[in-house]
$ cat start.pdb   # PDB, C-alpha atoms
ATOM      1  CA  MET A   1     179.489  36.105  35.453
ATOM      2  CA  PRO A   2     175.791  36.139  34.459
ATOM      3  CA  GLU A   3     174.082  39.489  34.135
ATOM      4  CA  THR A   4     171.558  40.466  36.788
ATOM      5  CA  ALA A   5     169.251  43.420  37.221
ATOM      6  CA  ASP A   6     171.815  44.950  39.580
ATOM      7  CA  SER A   7     174.853  44.364  37.366
ATOM      8  CA  VAL A   8     173.373  45.934  34.222
ATOM      9  CA  GLY A   9     171.195  48.544  35.913
ATOM     10  CA  ILE A  10     167.514  47.875  36.422
ATOM     11  CA  ASP A  11     166.387  50.446  33.847
ATOM     12  CA  ASN A  12     168.394  48.640  31.148
ATOM     13  CA  TYR A  13     167.407  45.092  32.075
ATOM     14  CA  PRO A  14     165.697  43.242  29.168
ATOM     15  CA  TRP A  15     162.278  43.034  30.754
ATOM     16  CA  ARG A  16     162.203  46.792  31.257
ATOM     17  CA  ILE A  17     161.283  47.261  27.600
ATOM     18  CA  TYR A  18     158.895  50.195  27.715
ATOM     19  CA  ASN A  19     159.003  53.515  29.464
ATOM     20  CA  GLU A  20     155.685  55.307  30.028
ATOM     21  CA  THR A  21     155.831  57.351  26.817
ATOM     22  CA  SER A  22     156.759  54.466  24.518
ATOM     23  CA  ALA A  23     154.207  52.184  26.190
ATOM     24  CA  MET A  24     151.376  54.627  25.506
ATOM     25  CA  ALA A  25     152.492  55.001  21.897
ATOM     26  CA  THR A  26     152.609  51.230  21.531
ATOM     27  CA  ILE A  27     149.096  50.864  22.958
ATOM     28  CA  HIS A  28     147.647  53.219  20.391
ATOM     29  CA  GLN A  29     149.405  51.383  17.557
ATOM     30  CA  ILE A  30     148.006  47.944  18.377
ATOM     31  CA  THR A  31     144.921  47.088  16.315
ATOM     32  CA  THR A  32     145.505  43.460  15.275
ATOM     33  CA  ALA A  33     146.012  40.146  17.035
ATOM     34  CA  GLN A  34     149.508  39.777  15.596
ATOM     35  CA  GLU A  35     150.562  43.203  16.858
ATOM     36  CA  LEU A  36     149.258  42.292  20.316
ATOM     37  CA  LEU A  37     151.132  38.981  20.262
ATOM     38  CA  ASP A  38     154.334  40.784  19.282
ATOM     39  CA  LYS A  39     154.157  43.081  22.342
ATOM     40  CA  PRO A  40     154.272  40.762  25.380
ATOM     41  CA  GLY A  41     155.329  43.491  27.825
ATOM     42  CA  LEU A  42     151.997  45.282  27.949
ATOM     43  CA  GLY A  43     150.520  43.370  30.894
ATOM     44  CA  ARG A  44     146.874  42.269  31.170
ATOM     45  CA  CYS A  45     144.894  43.382  28.152
ATOM     46  CA  GLU A  46     142.453  42.249  25.475
ATOM     47  CA  LEU A  47     141.837  43.377  21.920
ATOM     48  CA  VAL A  48     138.173  44.215  21.405
ATOM     49  CA  HIS A  49     137.061  44.926  17.827
ATOM     50  CA  GLY A  50     140.482  46.342  16.981
ATOM     51  CA  GLU A  51     140.845  48.442  20.145
ATOM     52  CA  LEU A  52     143.154  47.593  23.027
ATOM     53  CA  ALA A  53     141.513  47.274  26.450
ATOM     54  CA  VAL A  54     144.067  47.456  29.277
ATOM     55  CA  MET A  55     143.068  45.862  32.594
ATOM     56  CA  THR A  56     144.424  46.159  36.120
ATOM     57  CA  PRO A  57     145.784  43.060  37.901
ATOM     58  CA  ALA A  58     143.141  40.949  39.631
ATOM     59  CA  GLY A  59     142.577  41.318  43.364
ATOM     60  CA  TYR A  60     143.363  38.585  45.898
ATOM     61  CA  GLN A  61     139.773  37.318  46.255
ATOM     62  CA  HIS A  62     139.386  37.194  42.484
ATOM     63  CA  GLY A  63     142.611  35.221  42.132
ATOM     64  CA  ARG A  64     141.646  32.722  44.837
ATOM     65  CA  ILE A  65     138.309  31.976  43.167
ATOM     66  CA  VAL A  66     139.925  31.583  39.754
ATOM     67  CA  SER A  67     142.478  29.203  41.270
ATOM     68  CA  ARG A  68     139.793  27.056  42.937
ATOM     69  CA  ILE A  69     137.746  26.723  39.761
ATOM     70  CA  ASN A  70     140.808  26.029  37.641
ATOM     71  CA  ALA A  71     142.051  23.317  40.016
ATOM     72  CA  ARG A  72     138.714  21.504  40.125
ATOM     73  CA  LEU A  73     138.238  21.621  36.372
ATOM     74  CA  GLU A  74     141.850  20.619  35.684
ATOM     75  CA  ASN A  75     141.689  17.592  37.964
ATOM     76  CA  TYR A  76     138.436  16.338  36.484
ATOM     77  CA  VAL A  77     139.243  17.064  32.840
ATOM     78  CA  ASP A  78     142.676  15.420  33.099
ATOM     79  CA  HIS A  79     141.265  12.335  34.832
ATOM     80  CA  GLU A  80     138.545  11.910  32.206
ATOM     81  CA  ALA A  81     140.788  12.929  29.262
ATOM     82  CA  LEU A  82     138.173  15.408  28.065
ATOM     83  CA  GLY A  83     140.470  18.123  26.741
ATOM     84  CA  GLU A  84     142.533  20.990  28.107
ATOM     85  CA  VAL A  85     141.906  23.663  30.759
ATOM     86  CA  THR A  86     143.574  27.047  30.261
ATOM     87  CA  GLY A  87     144.542  29.592  32.888
ATOM     88  CA  ALA A  88     143.913  33.311  33.044
ATOM     89  CA  GLU A  89     145.733  35.408  30.434
ATOM     90  CA  THR A  90     145.314  32.776  27.680
ATOM     91  CA  GLY A  91     144.255  34.606  24.543
ATOM     92  CA  PHE A  92     141.550  33.331  22.199
ATOM     93  CA  GLN A  93     141.197  35.077  18.857
ATOM     94  CA  ILE A  94     137.471  35.083  18.199
ATOM     95  CA  ALA A  95     137.126  37.628  15.367
ATOM     96  CA  ARG A  96     139.060  39.137  12.470
ATOM     97  CA  ASP A  97     138.907  42.465  10.616
ATOM     98  CA  PRO A  98     138.606  43.985  13.147
ATOM     99  CA  ASP A  99     140.403  41.528  15.387
ATOM    100  CA  THR A 100     139.141  40.500  18.804
ATOM    101  CA  VAL A 101     141.284  38.593  21.302
ATOM    102  CA  ARG A 102     139.575  37.764  24.587
ATOM    103  CA  ALA A 103     141.109  36.092  27.654
ATOM    104  CA  PRO A 104     138.807  34.259  30.095
ATOM    105  CA  ASP A 105     139.762  33.714  33.721
ATOM    106  CA  VAL A 106     139.475  29.976  33.016
ATOM    107  CA  GLY A 107     138.871  28.253  29.700
ATOM    108  CA  PHE A 108     138.166  24.717  28.551
ATOM    109  CA  VAL A 109     138.810  23.303  25.082
ATOM    110  CA  CYS A 110     137.405  19.850  24.313
ATOM    111  CA  ALA A 111     139.787  17.106  23.198
ATOM    112  CA  ASP A 112     138.879  17.125  19.510
ATOM    113  CA  ARG A 113     139.681  20.850  19.264
ATOM    114  CA  VAL A 114     143.015  20.816  21.104
ATOM    115  CA  PRO A 115     145.833  21.698  18.657
ATOM    116  CA  SER A 116     147.826  18.625  17.640
ATOM    117  CA  THR A 117     151.105  20.579  17.749
ATOM    118  CA  PRO A 118     152.385  23.098  20.328
ATOM    119  CA  THR A 119     150.777  26.505  19.782
ATOM    120  CA  THR A 120     152.645  29.603  20.922
ATOM    121  CA  GLY A 121     150.166  32.087  19.489
ATOM    122  CA  PHE A 122     146.569  32.766  20.435
ATOM    123  CA  PHE A 123     144.075  29.918  20.182
ATOM    124  CA  GLN A 124     142.027  30.357  17.016
ATOM    125  CA  GLY A 125     138.371  30.388  18.003
ATOM    126  CA  ALA A 126     136.487  30.398  21.278
ATOM    127  CA  PRO A 127     136.908  27.918  24.125
ATOM    128  CA  ASP A 128     134.055  25.486  24.659
ATOM    129  CA  LEU A 129     133.665  26.929  28.162
ATOM    130  CA  ALA A 130     134.673  30.395  29.331
ATOM    131  CA  VAL A 131     134.686  31.238  33.038
ATOM    132  CA  GLU A 132     134.619  34.899  34.047
ATOM    133  CA  VAL A 133     134.956  36.096  37.650
ATOM    134  CA  LEU A 134     133.511  39.539  38.322
ATOM    135  CA  SER A 135     135.654  42.244  39.893
ATOM    136  CA  PRO A 136     134.226  45.196  41.865
ATOM    137  CA  SER A 137     135.270  47.594  39.099
ATOM    138  CA  ASP A 138     133.567  45.655  36.276
ATOM    139  CA  ARG A 139     130.772  47.446  34.436
ATOM    140  CA  ALA A 140     127.658  45.392  33.748
ATOM    141  CA  SER A 141     127.533  46.499  30.100
ATOM    142  CA  GLU A 142     131.138  45.420  29.481
ATOM    143  CA  VAL A 143     130.629  42.067  31.195
ATOM    144  CA  LEU A 144     127.521  41.285  29.156
ATOM    145  CA  ALA A 145     129.312  42.388  25.983
ATOM    146  CA  LYS A 146     132.049  39.861  26.759
ATOM    147  CA  VAL A 147     129.478  37.118  27.340
ATOM    148  CA  ARG A 148     127.884  37.953  23.976
ATOM    149  CA  ASP A 149     131.297  37.893  22.296
ATOM    150  CA  TRP A 150     132.036  34.433  23.676
ATOM    151  CA  LEU A 151     128.703  32.939  22.684
ATOM    152  CA  GLY A 152     128.689  34.671  19.318
ATOM    153  CA  ALA A 153     132.107  33.168  18.544
ATOM    154  CA  GLY A 154     130.931  29.627  19.235
ATOM    155  CA  CYS A 155     131.523  29.216  22.969
ATOM    156  CA  ARG A 156     129.084  26.594  24.226
ATOM    157  CA  ALA A 157     128.793  27.910  27.786
ATOM    158  CA  VAL A 158     129.891  30.857  29.901
ATOM    159  CA  TRP A 159     130.019  30.783  33.697
ATOM    160  CA  LEU A 160     129.819  34.230  35.255
ATOM    161  CA  ILE A 161     131.025  34.091  38.862
ATOM    162  CA  ASP A 162     129.837  36.884  41.193
ATOM    163  CA  PRO A 163     131.863  36.918  44.449
ATOM    164  CA  ALA A 164     129.870  39.795  45.970
ATOM    165  CA  ASN A 165     126.596  37.845  45.845
ATOM    166  CA  GLN A 166     128.184  34.388  45.805
ATOM    167  CA  THR A 167     126.203  33.362  42.740
ATOM    168  CA  VAL A 168     126.975  31.821  39.361
ATOM    169  CA  SER A 169     125.110  32.718  36.174
ATOM    170  CA  VAL A 170     125.314  30.087  33.441
ATOM    171  CA  TYR A 171     124.818  31.235  29.844
ATOM    172  CA  ASP A 172     124.658  28.675  27.045
ATOM    173  CA  ASP A 173     124.562  28.621  23.269
ATOM    174  CA  ARG A 174     120.803  27.968  23.308
ATOM    175  CA  ASN A 175     120.202  31.475  24.704
ATOM    176  CA  GLN A 176     119.331  30.066  28.111
ATOM    177  CA  THR A 177     120.499  31.616  31.376
ATOM    178  CA  VAL A 178     120.384  29.955  34.795
ATOM    179  CA  ALA A 179     121.186  31.706  38.088
ATOM    180  CA  LEU A 180     122.699  29.449  40.755
ATOM    181  CA  HIS A 181     122.999  30.170  44.483
ATOM    182  CA  SER A 182     125.145  28.723  47.276
ATOM    183  CA  SER A 183     123.016  25.608  47.810
ATOM    184  CA  ASP A 184     122.885  24.778  44.086
ATOM    185  CA  GLU A 185     125.238  22.596  42.079
ATOM    186  CA  LEU A 186     127.197  23.885  39.093
ATOM    187  CA  SER A 187     127.250  21.229  36.386
ATOM    188  CA  GLY A 188     129.454  20.874  33.344
ATOM    189  CA  GLY A 189     126.364  19.850  31.352
ATOM    190  CA  ASP A 190     127.104  18.517  27.900
ATOM    191  CA  VAL A 191     130.279  20.623  27.671
ATOM    192  CA  ILE A 192     132.116  18.811  30.490
ATOM    193  CA  PRO A 193     129.964  15.725  31.117
ATOM    194  CA  GLY A 194     129.907  14.501  34.697
ATOM    195  CA  PHE A 195     131.602  17.531  36.241
ATOM    196  CA  CYS A 196     129.799  18.981  39.249
ATOM    197  CA  VAL A 197     130.679  21.311  42.121
ATOM    198  CA  THR A 198     128.507  23.091  44.655
ATOM    199  CA  VAL A 199     128.386  26.852  44.289
ATOM    200  CA  ALA A 200     129.212  27.226  47.980
ATOM    201  CA  ASP A 201     132.474  25.298  47.456
ATOM    202  CA  ILE A 202     133.652  27.907  44.936
ATOM    203  CA  PHE A 203     133.507  30.612  47.591
ATOM    204  CA  VAL A 204     134.892  28.715  50.603
ATOM    205  CA  SER A 205     137.411  30.818  52.569
ATOM    206  CA  VAL A 206     137.308  33.783  50.182
TER     207      VAL A 206
END

$ encode --input "start.pdb" --output "structure tokens"
Amino acid sequence: MPETADSVGIDNYPWRIYNETSAMATIHQITTAQELLDKPGLGRCELVHGELAVMTPAGYQHGRIVSRINARLENYVDHEALGEVTGAETGFQIARDPDTVRAPDVGFVCADRVPSTPTTGFFQGAPDLAVEVLSPSDRASEVLAKVRDWLGAGCRAVWLIDPANQTVSVYDDRNQTVALHSSDELSGGDVIPGFCVTVADIFVSV
């Protein structure tokens, strides 16, 4: 008879790895990308210049917007064979000594940078496009620091989605920033050639 959470006791089930005390100790011990990769039970977090940043789960509105953007990019990128689109939680190691591992809400890696063999660890380097959806609890300084980290690591464009104002700010590797509103079109530019979606469509029914 296969073991279940009820048959072995929920507190002893394999996915209940950490109690509160051991989890906090583990958090303080993690300073490298490899240590973070070896501790999959920590939940949503990033490693920023050797320090672990733990994040709360995304809210419903946030998740809906991420899903809409991901679906539109995935469909277009697959059809045009331009590369790979990654979902939230995918880690990109963008710095070493101290290590930084960031995870965009949506990422895009162009075809010539996609690993030729299956990769179970973090992607080495930045995505070509990083999409970040703001949450009500986000601090402006931390958001801008993340944008700088992406661009500084070689990311070609960052889309910053603001649900509260229903706007999109586009940052690129030429130090240019464009603010788009509901009637504007969000273009993939030279990162995802031919891709286009209206800003209003991103926020439909959210």

$ residues_around --input "start.pdb" --residues "Val66 in chain A" --least-positions-apart "3" --cutoff "7 Å" --atoms "only C-alpha atoms" --output "PyMOL selection string"
chain A and resi 62-63+69-70+105-106

$ resolve_selection --input "start.pdb" --expression "the PyMOL selection byres ((chain A and resi 133-150) around 6)" --output "PyMOL selection string"
chain A and resi 132+151-153+155+160-162

$ closest_residue --input "start.pdb" --among "A:Pro104, A:Gly154, A:Pro127, A:Gly87" --to "Glu74 in chain A" --atoms "all atoms listed in the file"
A:Gly87

$ atom_distance --input "start.pdb" --atom1 "CA of Pro57 in chain A" --atom2 "CA of Arg72 in chain A"
22.8 Å

$ axis_aligned_box --input "start.pdb" --around "range 162-178 of chain A" --padding-each-side "5 Å" --output "lines of an AutoDock Vina configuration file"
center_x = 125.6
center_y = 33.9
center_z = 34.6
size_x = 22.5
size_y = 21.8
size_z = 32.7

$ resolve_selection --input "start.pdb" --expression "the PyMOL selection byres ((chain A and resi 42-54) around 6)" --output "VMD selection string"
chain A and resid 31 40 to 41 55 98 to 102

$ closest_residue --input "start.pdb" --among "A:Ala58, A:Val170, A:Ala179, A:Ala33" --to "Arg96 in chain A" --atoms "only C-alpha atoms"
A:Ala33

$ atom_distance --input "start.pdb" --atom1 "CA of Arg156 in chain A" --atom2 "CA of Val77 in chain A"
16.4 Å

$ closest_residue --input "start.pdb" --among "A:Cys110, A:Leu37, A:Ala103, A:Val131" --to "Pro193 in chain A" --atoms "only C-alpha atoms"
A:Cys110

$ closest_residue --input "start.pdb" --among "A:Gly121, A:Gly91, A:Ala126, A:Ile65" --to "Asp38 in chain A" --atoms "all atoms listed in the file"
A:Gly121

$ closest_residue --input "start.pdb" --among "A:Gln176, A:Thr119, A:Gln61, A:Ser169" --to "Val204 in chain A" --atoms "only C-alpha atoms"
A:Gln61

$ residues_around --input "start.pdb" --residues "Glu84 in chain A" --least-positions-apart "5" --cutoff "12 Å" --atoms "all atoms listed in the file" --output "MDAnalysis selection string"
chainID A and resid 70 73:79 106:116 127:129 192

$ write_last_selection --input "start.pdb" --atoms "C-alpha atoms" --output "compact mmCIF listing (two decimals), in the coordinates of the input"
# COMPACT_ATOMS: atom_id res chain seq x y z
CA ASN A 70 140.81 26.03 37.64
CA LEU A 73 138.24 21.62 36.37
CA GLU A 74 141.85 20.62 35.68
CA ASN A 75 141.69 17.59 37.96
CA TYR A 76 138.44 16.34 36.48
CA VAL A 77 139.24 17.06 32.84
CA ASP A 78 142.68 15.42 33.10
CA HIS A 79 141.26 12.34 34.83
CA VAL A 106 139.48 29.98 33.02
CA GLY A 107 138.87 28.25 29.70
CA PHE A 108 138.17 24.72 28.55
CA VAL A 109 138.81 23.30 25.08
CA CYS A 110 137.40 19.85 24.31
CA ALA A 111 139.79 17.11 23.20
CA ASP A 112 138.88 17.12 19.51
CA ARG A 113 139.68 20.85 19.26
CA VAL A 114 143.01 20.82 21.10
CA PRO A 115 145.83 21.70 18.66
CA SER A 116 147.83 18.62 17.64
CA PRO A 127 136.91 27.92 24.12
CA ASP A 128 134.06 25.49 24.66
CA LEU A 129 133.66 26.93 28.16
CA ILE A 192 132.12 18.81 30.49

$ atom_distance --input "start.pdb" --atom1 "CA of Gly189 in chain A" --atom2 "CA of Ala71 in chain A"
18.3 Å

$ residues_around --input "start.pdb" --residues "His181 in chain A" --least-positions-apart "3" --cutoff "9 Å" --atoms "all atoms listed in the file" --output "PyMOL selection string"
chain A and resi 165-169+184-185+198-200

$ closest_residue --input "start.pdb" --among "A:Val191, A:Cys196, A:Ile202, A:Ala130" --to "Leu82 in chain A" --atoms "all atoms listed in the file"
A:Val191
